[in-house]
file query00.pdb (PDB, C-alpha atoms)
ATOM      1  CA  MET A 139       4.598 -17.564  -2.053
ATOM      2  CA  THR A 140       7.591 -18.674  -0.011
ATOM      3  CA  ALA A 141      10.536 -16.725   1.266
ATOM      4  CA  SER A 142      13.931 -18.022   0.253
ATOM      5  CA  ALA A 143      17.449 -16.949   1.045
ATOM      6  CA  ALA A 144      17.985 -13.206   1.275
ATOM      7  CA  PRO A 145      18.282 -11.679  -2.200
ATOM      8  CA  SER A 146      21.389  -9.762  -3.113
ATOM      9  CA  GLN A 147      21.038  -5.984  -3.189
ATOM     10  CA  GLY A 148      21.553  -6.115  -6.963
ATOM     11  CA  SER A 149      18.743  -8.606  -7.515
ATOM     12  CA  PHE A 150      16.414  -6.538  -5.317
ATOM     13  CA  GLU A 151      17.285  -3.378  -7.255
ATOM     14  CA  ALA A 152      16.808  -5.248 -10.559
ATOM     15  CA  LEU A 153      13.347  -6.421  -9.457
ATOM     16  CA  ILE A 154      12.337  -2.860  -8.495
ATOM     17  CA  ALA A 155      13.703  -1.560 -11.828
ATOM     18  CA  ARG A 156      11.735  -4.186 -13.815
ATOM     19  CA  ILE A 157       8.504  -3.345 -12.011
ATOM     20  CA  SER A 158       9.125   0.401 -12.354
ATOM     21  CA  ALA A 159       9.550  -0.023 -16.120
ATOM     22  CA  LEU A 160       6.051  -1.516 -16.509
ATOM     23  CA  HIS A 161       4.388   1.900 -16.483
ATOM     24  CA  PRO A 162       5.710   5.105 -18.070
ATOM     25  CA  LYS A 163       4.471   7.334 -15.223
ATOM     26  CA  ARG A 164       5.425   7.167 -11.569
ATOM     27  CA  ILE A 165       1.958   8.466 -10.622
ATOM     28  CA  ASP A 166      -1.141   7.522 -12.609
ATOM     29  CA  LEU A 167      -4.243   7.556 -10.447
ATOM     30  CA  SER A 168      -6.656   4.807 -11.450
ATOM     31  CA  LEU A 169      -8.145   1.767  -9.758
ATOM     32  CA  ASP A 170      -8.452  -0.303 -12.944
ATOM     33  CA  ARG A 171      -4.888  -1.666 -12.964
ATOM     34  CA  MET A 172      -5.031  -2.472  -9.250
ATOM     35  CA  ARG A 173      -8.404  -4.195  -9.515
ATOM     36  CA  GLY A 174      -7.063  -6.328 -12.379
ATOM     37  CA  LEU A 175      -3.956  -7.247 -10.389
ATOM     38  CA  MET A 176      -6.054  -8.073  -7.309
ATOM     39  CA  GLU A 177      -8.160 -10.405  -9.427
ATOM     40  CA  ARG A 178      -5.080 -12.134 -10.870
ATOM     41  CA  LEU A 179      -3.724 -12.520  -7.304
ATOM     42  CA  ASP A 180      -7.021 -14.111  -6.138
ATOM     43  CA  HIS A 181      -8.073 -11.021  -4.153
ATOM     44  CA  PRO A 182      -5.690 -10.773  -1.190
ATOM     45  CA  GLU A 183      -7.411  -7.461  -0.300
ATOM     46  CA  ARG A 184     -10.463  -9.537   0.683
ATOM     47  CA  LYS A 185      -8.416 -11.742   3.043
ATOM     48  CA  LEU A 186      -7.039  -8.991   5.256
ATOM     49  CA  PRO A 187      -7.802  -8.356   8.915
ATOM     50  CA  PRO A 188     -10.051  -5.363   9.616
ATOM     51  CA  VAL A 189      -8.573  -2.216   8.030
ATOM     52  CA  ILE A 190      -8.192   1.295   9.397
ATOM     53  CA  HIS A 191      -7.619   3.402   6.274
ATOM     54  CA  VAL A 192      -5.780   6.717   6.813
ATOM     55  CA  ALA A 193      -5.796   9.648   4.362
ATOM     56  CA  GLY A 194      -4.802  13.296   4.600
ATOM     57  CA  THR A 195      -2.098  15.738   3.607
ATOM     58  CA  ASN A 196       0.055  15.810   6.725
ATOM     59  CA  GLY A 197       0.117  13.485   9.698
ATOM     60  CA  LYS A 198      -0.838  10.166   8.087
ATOM     61  CA  GLY A 199       2.375   8.481   9.205
ATOM     62  CA  SER A 200       2.153   9.945  12.702
ATOM     63  CA  THR A 201      -1.483   8.884  12.974
ATOM     64  CA  ILE A 202      -0.522   5.333  12.031
ATOM     65  CA  ALA A 203       2.417   5.356  14.469
ATOM     66  CA  TYR A 204       0.138   6.470  17.330
ATOM     67  CA  LEU A 205      -2.559   3.942  16.426
ATOM     68  CA  ARG A 206       0.027   1.160  16.139
ATOM     69  CA  ALA A 207       1.486   2.024  19.559
ATOM     70  CA  ILE A 208      -1.984   2.071  21.162
ATOM     71  CA  LEU A 209      -3.126  -1.180  19.542
ATOM     72  CA  GLU A 210       0.115  -3.064  20.215
ATOM     73  CA  THR A 211       0.105  -1.882  23.846
ATOM     74  CA  ALA A 212      -3.404  -3.345  24.071
ATOM     75  CA  GLY A 213      -1.924  -6.693  22.980
ATOM     76  CA  LEU A 214      -3.151  -6.719  19.381
ATOM     77  CA  ARG A 215      -1.114  -7.965  16.418
ATOM     78  CA  VAL A 216      -0.912  -5.069  13.985
ATOM     79  CA  HIS A 217       0.031  -4.908  10.307
ATOM     80  CA  ALA A 218       0.948  -1.452   8.956
ATOM     81  CA  TYR A 219       1.506  -0.129   5.441
ATOM     82  CA  THR A 220       3.026   3.328   5.085
ATOM     83  CA  SER A 221       4.854   5.269   2.409
ATOM     84  CA  PRO A 222       7.192   6.554   1.289
ATOM     85  CA  HIS A 223      10.224   4.829   2.760
ATOM     86  CA  LEU A 224      13.249   6.805   3.921
ATOM     87  CA  VAL A 225      16.094   4.331   3.371
ATOM     88  CA  ARG A 226      14.751   0.898   2.398
ATOM     89  CA  ILE A 227      11.425  -0.146   0.900
ATOM     90  CA  ASN A 228      11.024  -2.654   3.755
ATOM     91  CA  GLU A 229      10.119   0.298   6.016
ATOM     92  CA  CYS A 230       6.708   0.449   4.330
ATOM     93  CA  PHE A 231       5.641  -2.988   5.593
ATOM     94  CA  ARG A 232       5.136  -4.012   9.213
ATOM     95  CA  VAL A 233       3.847  -7.573   9.395
ATOM     96  CA  ALA A 234       2.398  -8.376  12.820
ATOM     97  CA  GLY A 235       4.535  -5.623  14.317
ATOM     98  CA  LYS A 236       7.859  -6.414  12.633
ATOM     99  CA  LEU A 237       9.444  -4.914   9.541
ATOM    100  CA  VAL A 238       9.277  -7.391   6.687
ATOM    101  CA  GLY A 239      12.558  -9.133   5.897
ATOM    102  CA  ASP A 240      14.379  -8.825   2.581
ATOM    103  CA  ALA A 241      13.702 -12.389   1.441
ATOM    104  CA  GLU A 242       9.976 -12.267   2.224
ATOM    105  CA  LEU A 243       9.489  -8.872   0.581
ATOM    106  CA  HIS A 244      11.491  -9.903  -2.490
ATOM    107  CA  ALA A 245       9.363 -13.063  -2.772
ATOM    108  CA  ALA A 246       6.114 -11.069  -2.492
ATOM    109  CA  LEU A 247       7.194  -8.501  -5.083
ATOM    110  CA  ALA A 248       8.477 -11.220  -7.437
ATOM    111  CA  HIS A 249       5.169 -13.096  -7.049
ATOM    112  CA  CYS A 250       3.224  -9.951  -7.968
ATOM    113  CA  GLU A 251       5.538  -9.334 -10.923
ATOM    114  CA  ARG A 252       4.989 -12.914 -12.192
ATOM    115  CA  VAL A 253       1.218 -12.804 -11.755
ATOM    116  CA  ASN A 254       1.021  -9.353 -13.330
ATOM    117  CA  ALA A 255       2.609 -10.873 -16.462
ATOM    118  CA  GLY A 256       3.974  -7.638 -17.899
ATOM    119  CA  GLU A 257       0.731  -5.653 -17.669
ATOM    120  CA  PRO A 258       1.132  -1.920 -16.972
ATOM    121  CA  VAL A 259       1.398  -1.254 -13.235
ATOM    122  CA  THR A 260       3.098   1.469 -11.195
ATOM    123  CA  LEU A 261       5.688   0.564  -8.586
ATOM    124  CA  PHE A 262       3.340   1.828  -5.848
ATOM    125  CA  GLU A 263       0.554  -0.421  -7.133
ATOM    126  CA  ALA A 264       2.860  -3.449  -7.243
ATOM    127  CA  SER A 265       4.227  -2.644  -3.784
ATOM    128  CA  THR A 266       0.716  -2.251  -2.384
ATOM    129  CA  ALA A 267      -0.310  -5.559  -3.973
ATOM    130  CA  ALA A 268       2.768  -7.220  -2.439
ATOM    131  CA  GLY A 269       1.792  -5.734   0.921
ATOM    132  CA  PHE A 270      -1.735  -7.095   0.631
ATOM    133  CA  CYS A 271      -0.292 -10.540  -0.157
ATOM    134  CA  LEU A 272       2.041 -10.366   2.845
ATOM    135  CA  PHE A 273      -0.704  -9.152   5.168
ATOM    136  CA  ALA A 274      -3.177 -11.786   3.939
ATOM    137  CA  ASP A 275      -0.599 -14.536   4.553
ATOM    138  CA  HIS A 276       0.070 -13.586   8.199
ATOM    139  CA  ALA A 277      -2.406 -13.464  11.059
ATOM    140  CA  ALA A 278      -3.090 -10.106  12.674
ATOM    141  CA  ASP A 279      -5.931  -8.358  14.436
ATOM    142  CA  ILE A 280      -5.874  -5.159  12.377
ATOM    143  CA  LEU A 281      -4.224  -3.492   9.376
ATOM    144  CA  LEU A 282      -3.314   0.192   9.436
ATOM    145  CA  LEU A 283      -3.300   1.296   5.805
ATOM    146  CA  GLU A 284      -1.924   4.641   4.622
ATOM    147  CA  VAL A 285      -3.204   6.175   1.396
ATOM    148  CA  GLY A 286      -0.423   7.015  -1.034
ATOM    149  CA  LEU A 287      -1.904  10.042  -2.826
ATOM    150  CA  GLY A 288      -5.429  11.366  -2.614
ATOM    151  CA  GLY A 289      -7.870   8.629  -1.783
ATOM    152  CA  ARG A 290     -10.596   8.086  -4.368
ATOM    153  CA  LEU A 291      -8.267   6.719  -7.064
ATOM    154  CA  ASP A 292      -5.370   5.675  -4.826
ATOM    155  CA  CYS A 293      -4.618   1.969  -5.241
ATOM    156  CA  THR A 294      -5.173   1.353  -1.518
ATOM    157  CA  ASN A 295      -8.832   2.215  -2.109
ATOM    158  CA  VAL A 296      -9.599  -1.288  -3.389
ATOM    159  CA  ILE A 297     -10.497  -2.083   0.222
ATOM    160  CA  GLU A 298     -14.262  -2.409   0.029
ATOM    161  CA  GLN A 299     -15.290  -2.053   3.673
ATOM    162  CA  PRO A 300     -12.699  -0.612   6.037
ATOM    163  CA  LEU A 301     -13.397  -0.869   9.742
ATOM    164  CA  ALA A 302     -12.724   2.868   9.974
ATOM    165  CA  ALA A 303     -11.464   5.728   7.848
ATOM    166  CA  VAL A 304      -9.301   8.391   9.457
ATOM    167  CA  MET A 305      -8.742  11.817   7.950
ATOM    168  CA  ALA A 306      -5.516  13.543   8.975
ATOM    169  CA  PRO A 307      -5.289  17.308   8.350
ATOM    170  CA  ILE A 308      -5.904  18.352   4.750
ATOM    171  CA  SER A 309      -4.276  21.226   2.906
ATOM    172  CA  LEU A 310      -3.370  22.100  -0.670
ATOM    173  CA  ASP A 311      -1.199  19.308  -2.053
ATOM    174  CA  HIS A 312      -0.775  17.472  -5.351
ATOM    175  CA  THR A 313      -3.079  20.009  -6.989
ATOM    176  CA  GLU A 314      -2.175  18.654 -10.434
ATOM    177  CA  PHE A 315      -3.874  15.378  -9.448
ATOM    178  CA  LEU A 316      -6.439  16.333  -6.805
ATOM    179  CA  GLY A 317      -7.744  19.767  -7.786
ATOM    180  CA  ASP A 318      -6.834  23.312  -6.871
ATOM    181  CA  SER A 319      -9.162  23.936  -3.939
ATOM    182  CA  LEU A 320      -9.355  22.577  -0.407
ATOM    183  CA  SER A 321     -12.861  21.317  -1.047
ATOM    184  CA  SER A 322     -11.862  19.328  -4.166
ATOM    185  CA  ILE A 323      -8.836  17.864  -2.389
ATOM    186  CA  ALA A 324     -10.923  17.007   0.697
ATOM    187  CA  GLU A 325     -13.500  15.327  -1.548
ATOM    188  CA  GLU A 326     -10.801  13.177  -3.190
ATOM    189  CA  LYS A 327      -9.336  12.154   0.168
ATOM    190  CA  ALA A 328     -12.700  11.565   1.865
ATOM    191  CA  ALA A 329     -13.619   9.032  -0.835
ATOM    192  CA  ILE A 330     -11.960   6.313   1.276
ATOM    193  CA  ILE A 331     -14.907   6.521   3.662
TER     194      ILE A 331
END

call {"tool": "encode", "arguments": {"input": "query00.pdb", "output": "structure tokens"}}
result
Amino acid sequence: MTASAAPSQGSFEALIARISALHPKRIDLSLDRMRGLMERLDHPERKLPPVIHVAGTNGKGSTIAYLRAILETAGLRVHAYTSPHLVRINECFRVAGKLVGDAELHAALAHCERVNAGEPVTLFEASTAAGFCLFADHAADILLLEVGLGGRLDCTNVIEQPLAAVMAPISLDHTEFLGDSLSSIAEEKAAII
């Protein structure tokens, strides 16, 4: 995977639209599609630096921001994956402390799209796979990885042995996917441990 000249905004939007069209639902919790894509990509999730996996209802992004500040101040090179983005999808990917550039992110997403070969995949799954490819291709001391939704069936949960799992505060959220009680939601989120 090589980065080329910066893609035009239209080509970036077209790539996102093509990937988004591969699955009829925006959210479809399952690890099967992600495991298949990881296999087709030669398992970038196994080539990552040690992972701190962060789940919870509120405070995941803040937890990652604090951890990143602490670790970078200590002189470590830190990758970070967060979601959702506010303005540009690039905000989700910090590669060794820097936001990923347009050309490199476009190349990673296009690579995942090619390797996926039209199989059903959600945009979050494809974006996470692209992140794993980016993070595996660049040296770092640690990866801070934010769960998208839940934990047990979230596509970030293909990480087999995280260095640590952090639980931010948990409250009732996404009850249609995670259950209607605090205990069922906590169980779903704690499955990253």

call {"tool": "residues_around", "arguments": {"input": "query00.pdb", "residues": "Val233 in chain A", "least_positions_apart": "2", "cutoff": "6 Å", "atoms": "all atoms listed in the file", "output": "PyMOL selection string"}}
result
chain A and resi 217+235-236

call {"tool": "write_last_selection", "arguments": {"input": "query00.pdb", "atoms": "C-alpha atoms", "output": "PDB file, in the coordinates of the input"}}
result
ATOM      1  CA  HIS A 217       0.031  -4.908  10.307  1.00  0.00           C
ATOM      2  CA  GLY A 235       4.535  -5.623  14.317  1.00  0.00           C
ATOM      3  CA  LYS A 236       7.859  -6.414  12.633  1.00  0.00           C
TER       4      LYS A 236
END

call {"tool": "residues_around", "arguments": {"input": "query00.pdb", "residues": "range 208-215 of chain A", "least_positions_apart": "5", "cutoff": "8 Å", "atoms": "only C-alpha atoms", "output": "VMD selection string"}}
result
chain A and resid 234 to 235 277 to 280

call {"tool": "resolve_selection", "arguments": {"input": "query00.pdb", "expression": "the PyMOL selection byres ((chain A and resi 310) around 8)", "output": "list in words"}}
result
Thr195, Ile308, Ser309, Asp311, His312, Thr313, Asp318, Ser319, Leu320 and Ile323 of chain A

call {"tool": "resolve_selection", "arguments": {"input": "query00.pdb", "expression": "the PyMOL selection byres ((chain A and resi 289-297) around 9)", "output": "PyMOL selection string"}}
result
chain A and resi 167-173+176+183-184+189+191+193-194+262-263+266-267+283-288+298-300+325-330

call {"tool": "residues_around", "arguments": {"input": "query00.pdb", "residues": "Glu151 in chain A", "least_positions_apart": "3", "cutoff": "12 Å", "atoms": "only C-alpha atoms", "output": "short mmCIF file (atom, residue, chain, number, x, y, z; two decimals) with C-alpha atoms, keeping the file's coordinate frame"}}
result
data_model
loop_
_atom_site.label_atom_id
_atom_site.label_comp_id
_atom_site.auth_asym_id
_atom_site.auth_seq_id
_atom_site.Cartn_x
_atom_site.Cartn_y
_atom_site.Cartn_z
CA PRO A 145 18.28 -11.68 -2.20
CA SER A 146 21.39 -9.76 -3.11
CA GLN A 147 21.04 -5.98 -3.19
CA GLY A 148 21.55 -6.12 -6.96
CA ILE A 154 12.34 -2.86 -8.49
CA ALA A 155 13.70 -1.56 -11.83
CA ARG A 156 11.74 -4.19 -13.82
CA ILE A 157 8.50 -3.34 -12.01
CA SER A 158 9.12 0.40 -12.35
CA ARG A 226 14.75 0.90 2.40
CA ILE A 227 11.42 -0.15 0.90
CA ASP A 240 14.38 -8.82 2.58
CA HIS A 244 11.49 -9.90 -2.49
CA LEU A 247 7.19 -8.50 -5.08
CA ALA A 248 8.48 -11.22 -7.44
#

call {"tool": "axis_aligned_box", "arguments": {"input": "query00.pdb", "around": "range 267-272 of chain A", "padding_each_side": "4 Å", "output": "JSON"}}
result
{"center_x": 0.5, "center_y": -8.0, "center_z": -0.6, "size_x": 12.5, "size_y": 13.0, "size_z": 14.8}

call {"tool": "resolve_selection", "arguments": {"input": "query00.pdb", "expression": "the PyMOL selection byres ((chain A and resi 303) around 6)", "output": "list in words"}}
result
Ile190, His191, Val192, Ala302, Val304 and Ile331 of chain A

call {"tool": "atom_distance", "arguments": {"input": "query00.pdb", "atom1": "CA of Ala152 in chain A", "atom2": "CA of Ala274 in chain A"}}
result
25.5 Å
